[in-house]
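Student: Next comes model_36.txt, compact mmCIF, C-alpha atoms:
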# COMPACT_ATOMS: atom_id res chain seq x y z
CA PRO A 1 -16.32 9.42 -19.88
CA VAL A 2 -14.17 6.70 -21.41
CA ALA A 3 -11.06 8.89 -21.12
CA GLU A 4 -11.53 9.15 -17.36
CA VAL A 5 -11.73 5.37 -16.95
CA CYS A 6 -8.65 4.96 -19.14
CA CYS A 7 -6.63 7.46 -17.09
CA ARG A 8 -7.61 5.61 -13.92
CA ALA A 9 -6.58 2.28 -15.44
CA VAL A 10 -3.20 3.71 -16.46
CA ALA A 11 -2.68 5.10 -12.96
CA ASN A 12 -3.40 1.71 -11.40
CA LEU A 13 -1.28 -0.29 -13.86
CA ALA A 14 1.60 2.15 -13.48
CA GLN A 15 2.07 1.08 -9.87
CA SER A 16 4.17 -1.67 -11.48
CA THR A 17 7.46 -0.27 -12.78
CA GLU A 18 7.51 -2.94 -15.50
CA CYS A 19 4.11 -1.75 -16.73
CA SER A 20 5.31 1.85 -16.55
CA GLN A 21 8.28 1.09 -18.76
CA ARG A 22 6.17 -0.78 -21.29
CA MET A 23 3.51 1.94 -21.43
CA ALA A 24 6.21 4.54 -22.04
CA GLU A 25 7.42 2.47 -24.99
CA LEU A 26 3.88 2.22 -26.39
CA GLY A 27 3.24 5.97 -26.31
CA THR A 28 0.78 5.88 -23.40
CA ILE A 29 2.28 9.00 -21.83
CA LYS A 30 1.52 11.14 -24.88
CA THR A 31 -2.05 9.79 -24.95
CA LEU A 32 -2.36 10.66 -21.26
CA LEU A 33 -1.20 14.23 -21.82
CA ASP A 34 -3.57 14.59 -24.79
CA ALA A 35 -6.43 13.60 -22.45
CA ILE A 36 -5.36 16.25 -19.92
CA GLN A 37 -5.42 18.89 -22.64
CA SER A 38 -8.71 17.74 -24.21
CA HIS A 39 -10.62 17.44 -20.92
CA SER A 40 -9.23 20.41 -19.01
CA ASP A 41 -12.53 21.04 -17.16
CA VAL A 42 -13.07 17.49 -15.81
CA ALA A 43 -11.65 17.42 -12.27
CA THR A 44 -11.86 13.67 -11.74
CA LEU A 45 -10.10 12.89 -15.03
CA GLN A 46 -7.41 15.45 -14.28
CA GLY A 47 -6.83 13.92 -10.85
CA ASP A 48 -6.52 10.40 -12.26
CA ALA A 49 -4.20 11.64 -15.00
CA CYS A 50 -1.92 13.40 -12.49
CA ARG A 51 -1.77 10.26 -10.35
CA ALA A 52 -0.89 8.27 -13.48
CA ILE A 53 2.00 10.64 -14.28
CA VAL A 54 3.45 10.28 -10.78
CA ASN A 55 3.15 6.49 -10.87
CA LEU A 56 4.66 6.26 -14.35
CA ALA A 57 7.62 8.36 -13.26
CA GLN A 58 8.70 5.62 -10.81
CA ASP A 59 10.42 3.99 -13.79
CA LYS A 60 13.48 5.95 -14.92
CA ASP A 61 12.79 5.43 -18.65
CA ALA A 62 9.16 6.48 -18.28
CA LYS A 63 10.23 9.46 -16.17
CA LYS A 64 12.51 10.60 -18.98
CA VAL A 65 9.62 10.46 -21.45
CA VAL A 66 7.30 12.32 -19.04
CA ASN A 67 9.93 15.03 -18.67
CA GLU A 68 10.55 15.32 -22.41
CA LEU A 69 6.83 15.70 -23.15
CA GLY A 70 6.26 18.31 -20.44
CA GLY A 71 4.24 15.96 -18.27
CA PHE A 72 5.33 17.38 -14.95
CA GLN A 73 4.46 20.93 -16.05
CA ALA A 74 1.02 19.74 -17.17
CA MET A 75 0.49 18.05 -13.80
CA LEU A 76 1.46 21.17 -11.85
CA GLN A 77 -0.85 23.33 -13.97
CA SER A 78 -3.70 20.91 -13.37
CA GLN A 79 -3.08 20.83 -9.61
CA LYS A 80 -3.08 24.63 -9.52
CA ARG A 81 -6.32 24.83 -11.53
CA PHE A 82 -8.16 22.45 -9.20
CA GLU A 83 -6.42 23.51 -6.00
CA PHE A 84 -9.71 23.85 -4.11
CA GLU A 85 -11.64 21.03 -5.80
CA PRO A 86 -12.00 18.00 -3.44
CA THR A 87 -12.95 15.53 -6.20
CA PHE A 88 -9.71 16.30 -8.02
CA TRP A 89 -7.60 15.52 -4.97
CA GLU A 90 -9.48 12.33 -4.16
CA MET A 91 -8.54 11.04 -7.62
CA ARG A 92 -5.06 12.57 -7.40
CA TRP A 93 -4.21 10.55 -4.28
CA GLY A 94 -6.15 7.52 -5.47
CA MET A 95 -8.49 7.85 -2.50
CA LYS A 96 -9.54 10.45 0.01
CA GLN A 97 -6.43 11.90 1.61
CA MET A 98 -5.85 10.43 5.05
CA GLU A 99 -5.00 12.24 8.23
CA GLU A 100 -2.38 11.98 10.97
CA GLY A 101 -3.18 9.22 13.46
CA GLU A 102 -5.18 7.08 11.00
CA THR A 103 -4.49 3.34 10.88
CA VAL A 104 -3.63 2.27 7.35
CA MET A 105 -2.11 -0.51 5.26
CA VAL A 106 1.20 0.28 3.57
CA ASN A 107 2.70 -1.53 0.59
CA TYR A 108 6.09 -2.06 2.27
CA HIS A 109 8.75 -0.43 0.07
CA GLY A 110 6.48 -1.09 -2.92
CA LYS A 111 7.24 -4.82 -2.86
CA GLY A 112 3.63 -6.03 -2.62
CA GLN A 113 3.64 -6.87 1.10
CA TRP A 114 0.93 -4.84 2.82
CA CYS A 115 1.75 -3.97 6.44
CA SER A 116 -0.31 -2.43 9.21
CA ALA A 117 0.84 1.09 10.11
CA LYS A 118 -0.23 4.44 11.51
CA ILE A 119 0.22 7.81 9.82
CA THR A 120 2.49 10.06 11.86
CA ARG A 121 2.68 12.98 9.43
CA VAL A 122 0.99 14.12 6.23
CA ASN A 123 3.31 15.84 3.78
CA ARG A 124 0.90 18.37 2.27
CA GLY A 125 3.26 19.40 -0.48
CA ASN A 126 3.43 16.06 -2.29
CA GLY A 127 0.74 13.96 -0.59
CA ALA A 128 3.24 11.48 0.83
CA TYR A 129 2.97 10.08 4.38
CA ASP A 130 5.32 9.39 7.27
CA VAL A 131 4.26 6.13 8.91
CA SER A 132 5.14 3.95 11.91
CA TYR A 133 4.64 0.22 11.39
CA ALA A 134 2.81 -2.06 13.79
CA HIS A 135 5.74 -4.47 13.64
CA GLY A 136 8.16 -1.71 14.61
CA GLY A 137 10.15 0.73 12.52
CA MET A 138 9.02 3.67 10.42
CA ASP A 139 9.26 5.18 6.96
CA ARG A 140 9.19 8.79 5.78
CA LYS A 141 7.56 10.23 2.68
CA VAL A 142 5.80 7.05 1.58
CA PRO A 143 4.04 7.80 -1.75
CA ALA A 144 0.26 8.03 -1.49
CA HIS A 145 -0.34 5.20 -3.97
CA LEU A 146 1.39 2.80 -1.53
CA VAL A 147 -0.97 3.70 1.33
CA ARG A 148 -4.64 2.77 1.73
CA PRO A 149 -7.21 2.71 4.54
CA LYS A 150 -7.14 -0.37 6.75
CA ASP A 151 -10.19 -2.62 6.71
CA LYS A 152 -11.23 -5.22 9.27
CA ALA A 153 -10.73 -7.83 6.57
CA ASP A 154 -7.02 -7.05 6.60
CA MET A 155 -6.77 -8.67 10.02
CA MET A 156 -8.27 -11.94 8.81
CA GLU A 157 -6.95 -12.57 5.31
CA GLU A 158 -5.01 -15.79 4.91
CA PHE A 159 -1.23 -15.42 4.73
CA VAL A 160 1.82 -17.59 5.13
CA ALA A 161 4.81 -16.59 7.19
CA VAL A 162 7.93 -18.20 8.66
CA TRP A 163 8.14 -18.18 12.44
CA GLN A 164 10.87 -19.28 14.81
CA TRP A 165 10.52 -20.32 18.41
CA LYS A 166 11.99 -22.71 20.99
CA PRO A 167 9.20 -25.03 22.15
CA ASN A 168 11.68 -27.47 23.70
CA GLY A 169 14.69 -25.24 24.27
CA LYS A 170 15.89 -25.88 20.71
CA LEU A 171 15.45 -23.39 17.89
CA THR A 172 12.83 -24.76 15.52
CA GLU A 173 11.76 -23.28 12.21
CA ASP A 174 8.37 -24.12 10.77
CA GLU A 175 5.82 -22.56 8.48
CA ILE A 176 2.47 -21.50 9.92
CA THR A 177 -0.52 -20.82 7.71
CA LEU A 178 -3.12 -18.58 9.34
CA LYS A 179 -6.52 -19.11 7.72
CA SER A 180 -9.43 -16.71 7.50
CA ASP A 181 -11.68 -19.07 9.52
CA GLY A 182 -9.44 -18.65 12.59
CA MET A 183 -7.68 -22.01 12.22
CA LEU A 184 -3.98 -22.54 11.62
CA SER A 185 -1.84 -25.34 10.24
CA LEU A 186 1.85 -26.25 10.52
CA LYS A 187 3.85 -27.38 7.50
CA SER A 188 5.52 -30.02 9.61
CA GLN A 189 2.14 -31.53 10.53
CA GLY A 190 0.55 -31.55 7.08
CA LEU A 191 -2.70 -29.90 6.05
CA GLY A 192 -4.69 -30.72 9.15
CA ALA A 193 -5.63 -28.07 11.72
CA ALA A 194 -2.88 -27.55 14.30
CA GLY A 195 -4.62 -24.92 16.41
CA THR A 196 -6.38 -21.57 16.31
CA TRP A 197 -5.45 -17.89 16.14
CA ASN A 198 -7.05 -14.50 16.71
CA VAL A 199 -6.09 -10.85 16.65
CA SER A 200 -6.84 -8.30 19.35
CA GLU A 201 -6.41 -4.54 19.05
CA PRO A 202 -5.34 -3.05 22.41
CA LYS A 203 -7.58 -0.32 23.74
CA GLY A 204 -5.94 3.08 23.55
CA GLY A 205 -3.58 2.08 20.74
CA GLY A 206 -0.34 0.15 20.71
CA ARG A 207 0.69 -2.89 18.75
CA ASN A 208 -1.88 -5.48 17.74
CA ILE A 209 -1.45 -8.85 19.41
CA VAL A 210 -1.74 -12.16 17.57
CA LYS A 211 -2.50 -15.09 19.85
CA LEU A 212 -1.65 -18.56 18.57
CA ALA A 213 -3.17 -21.51 20.42
CA LEU A 214 -1.38 -24.63 19.19
CA SER A 215 -2.64 -28.11 19.91
CA GLY A 216 -0.53 -31.26 20.00
CA GLU A 217 3.06 -31.35 21.17
CA THR A 218 3.82 -27.67 20.79
CA SER A 219 2.78 -25.19 23.45
CA SER A 220 0.64 -22.10 22.99
CA ILE A 221 2.45 -18.98 21.86
CA GLU A 222 1.60 -15.32 22.12
CA MET A 223 3.49 -13.06 19.79
CA GLU A 224 3.33 -9.29 19.70
CA ARG A 225 5.98 -8.51 17.12
CA ILE A 226 5.20 -10.24 13.87
CA SER A 227 8.11 -9.54 11.47
CA LEU A 228 7.41 -7.68 8.26
CA THR A 229 4.40 -9.82 7.32
CA THR A 230 2.42 -8.20 10.16
CA LEU A 231 -1.34 -8.59 9.92
CA ARG A 232 -1.95 -9.27 6.27
Rewrite the coordinates I just gave you, this time as structure tokens.

Tutor:
Amino acid sequence: PVAEVCCRAVANLAQSTECSQRMAELGTIKTLLDAIQSHSDVATLQGDACRAIVNLAQDKDAKKVVNELGGFQAMLQSQKRFEFEPTFWEMRWGMKQMEEGETVMVNYHGKGQWCSAKITRVNRGNGAYDVSYAHGGMDRKVPAHLVRPKDKADMMEEFVAVWQWKPNGKLTEDEITLKSDGMLSLKSQGLGAAGTWNVSEPKGGGRNIVKLALSGETSSIEMERISLTTLR
């Protein structure tokens, strides 16, 4: 139904706190709660609507509106009603709930930078995850909407990062662009190819290793810890 698609769209847009605030101003929260009440027997819609409420509540102004309209109570009632309905929970978490030990991508602190990580604990009460990052470090109770399954494509997507190394005993800063075709370029050398790169996943777990083979004056580098940009 159209209402289900709309609830899903609100849930996705509400991942942005700016969108959440604006939707609260436009009366979207009341419309969302009306949909919950009007379609009380549709598990998928209810799941999307509950996810939308949680995402909207990230913004303090939207959270106030949700609270005033009884949104949290409506969400809890819906979760209780569909407690044993898998399709509800798949929509509620935005995807099938993941398990401890799974490799995932995490939107680091909600800032739009997706990092490679592994789930160390599933918080069954609120659907959040404890994770350990491939680059080192960990986070607890990461909201489910900031976590998604990791795909092979995540290891090959083009990204730009700042690296530092000492090719000649002197600290040098340059910008390396890793391209999806396996080639890399250096800002200091223009747009031309400056070498190649590839990613290997160690057998039995552990950190992924990015190998950079640079041509020209700089020597080859192998880096295991890749700052917060990790393998995006």

Student: My list of candidates is A:Asp41, A:Glu83, A:Asp48, A:Asp139. Which is closest to Tyr108 in chain A when distances are computed with all atoms listed in the file?

Tutor: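 Among A:Asp41, A:Glu83, A:Asp48, A:Asp139, it is A:Asp139 that comes nearest to Tyr108 in chain A.
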
Student: State, in Å with one decimal place, the distance from CA of Asp130 in chain A to CA of Lys60 in chain A.

Tutor: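 So the two atoms, CA of Asp130 in chain A and CA of Lys60 in chain A, lie 23.9 Å apart.
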
Student: Which one is closest to Val122 in chain A: A:Arg22, A:Arg140, A:Lys64, A:His39? Count all atoms listed in the file.

Tutor: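 So, comparing all the options, the nearest one is A:Arg140.
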
Student: Excluding Glu25 in chain A and residues on its chain fewer than 4 positions from it, collect all residues at most 12 Å away from it, counting all atoms listed in the file, and give them as JSON, numbers by chain.

Tutor: {"A": [18, 19, 20, 21, 29, 30, 31, 56, 59, 61, 62, 63, 64, 65, 66]}

Student: Counting all atoms listed in the file, I want the residues whose atoms come within 8 Å of (-15.3, 15.5, -20.1) in the file frame, returned as a PyMOL selection string.

Tutor: chain A and resi 1+3-4+39-42+45

Student: Using all heavy atoms, give me range 35-48 of chain A from the structure I just pasted, as a compact mmCIF listing (two decimals), in the first residue's frame.

Tutor:
# COMPACT_ATOMS: atom_id res chain seq x y z
N ALA A 35 -1.18 6.69 10.35
CA ALA A 35 -0.99 5.48 9.54
C ALA A 35 -0.88 4.24 10.43
O ALA A 35 -1.41 3.18 10.10
CB ALA A 35 0.27 5.63 8.68
N ILE A 36 -0.19 4.37 11.56
CA ILE A 36 -0.08 3.25 12.50
C ILE A 36 -1.46 2.83 12.99
O ILE A 36 -1.77 1.63 13.08
CB ILE A 36 0.82 3.65 13.69
CG1 ILE A 36 2.28 3.78 13.25
CG2 ILE A 36 0.71 2.62 14.82
CD1 ILE A 36 3.22 4.23 14.35
N GLN A 37 -2.29 3.82 13.29
CA GLN A 37 -3.63 3.51 13.81
C GLN A 37 -4.55 2.95 12.72
O GLN A 37 -5.33 2.03 12.98
CB GLN A 37 -4.25 4.79 14.40
CG GLN A 37 -5.58 4.56 15.10
CD GLN A 37 -6.08 5.81 15.80
OE1 GLN A 37 -5.45 6.85 15.74
NE2 GLN A 37 -7.22 5.70 16.48
N SER A 38 -4.43 3.46 11.50
CA SER A 38 -5.32 3.04 10.41
C SER A 38 -4.95 1.69 9.81
O SER A 38 -5.79 1.03 9.20
CB SER A 38 -5.31 4.10 9.31
OG SER A 38 -5.74 5.35 9.80
N HIS A 39 -3.70 1.28 9.96
CA HIS A 39 -3.22 0.03 9.36
C HIS A 39 -2.62 -0.86 10.45
O HIS A 39 -1.50 -1.36 10.32
CB HIS A 39 -2.19 0.31 8.26
CG HIS A 39 -2.70 1.20 7.17
ND1 HIS A 39 -3.41 0.73 6.09
CD2 HIS A 39 -2.61 2.56 7.01
CE1 HIS A 39 -3.72 1.75 5.30
NE2 HIS A 39 -3.25 2.86 5.83
N SER A 40 -3.37 -1.07 11.49
CA SER A 40 -2.86 -1.79 12.67
C SER A 40 -2.56 -3.26 12.41
O SER A 40 -1.89 -3.90 13.21
CB SER A 40 -3.86 -1.67 13.82
OG SER A 40 -5.13 -2.22 13.43
N ASP A 41 -3.05 -3.82 11.29
CA ASP A 41 -2.84 -5.24 11.01
C ASP A 41 -1.76 -5.49 9.96
O ASP A 41 -1.54 -6.63 9.56
CB ASP A 41 -4.16 -5.89 10.56
CG ASP A 41 -4.72 -5.24 9.29
OD1 ASP A 41 -4.34 -4.08 9.00
OD2 ASP A 41 -5.53 -5.88 8.60
N VAL A 42 -1.09 -4.44 9.49
CA VAL A 42 -0.07 -4.59 8.45
C VAL A 42 1.32 -4.56 9.10
O VAL A 42 1.83 -3.49 9.46
CB VAL A 42 -0.18 -3.48 7.39
CG1 VAL A 42 0.85 -3.71 6.26
CG2 VAL A 42 -1.59 -3.43 6.81
N ALA A 43 1.93 -5.71 9.25
CA ALA A 43 3.20 -5.83 9.98
C ALA A 43 4.32 -5.02 9.36
O ALA A 43 5.10 -4.36 10.06
CB ALA A 43 3.60 -7.30 10.08
N THR A 44 4.43 -5.06 8.03
CA THR A 44 5.54 -4.36 7.38
C THR A 44 5.41 -2.86 7.54
O THR A 44 6.39 -2.16 7.81
CB THR A 44 5.61 -4.72 5.89
OG1 THR A 44 4.30 -4.57 5.30
CG2 THR A 44 6.07 -6.15 5.69
N LEU A 45 4.19 -2.34 7.41
CA LEU A 45 3.97 -0.90 7.60
C LEU A 45 4.29 -0.50 9.03
O LEU A 45 4.93 0.52 9.28
CB LEU A 45 2.54 -0.52 7.24
CG LEU A 45 2.16 0.96 7.39
CD1 LEU A 45 1.16 1.38 6.34
CD2 LEU A 45 1.61 1.27 8.78
N GLN A 46 3.83 -1.31 9.98
CA GLN A 46 4.07 -1.02 11.39
C GLN A 46 5.57 -0.99 11.69
O GLN A 46 6.05 -0.14 12.44
CB GLN A 46 3.37 -2.06 12.27
CG GLN A 46 1.86 -2.05 12.18
CD GLN A 46 1.24 -0.91 12.98
OE1 GLN A 46 1.67 -0.62 14.09
NE2 GLN A 46 0.23 -0.27 12.42
N GLY A 47 6.30 -1.92 11.10
CA GLY A 47 7.75 -1.96 11.31
C GLY A 47 8.44 -0.73 10.76
O GLY A 47 9.30 -0.14 11.41
N ASP A 48 8.05 -0.34 9.54
CA ASP A 48 8.63 0.87 8.94
C ASP A 48 8.28 2.10 9.76
O ASP A 48 9.12 2.99 9.95
CB ASP A 48 8.12 1.04 7.50
CG ASP A 48 8.89 0.21 6.50
OD1 ASP A 48 10.12 0.10 6.64
OD2 ASP A 48 8.27 -0.34 5.57
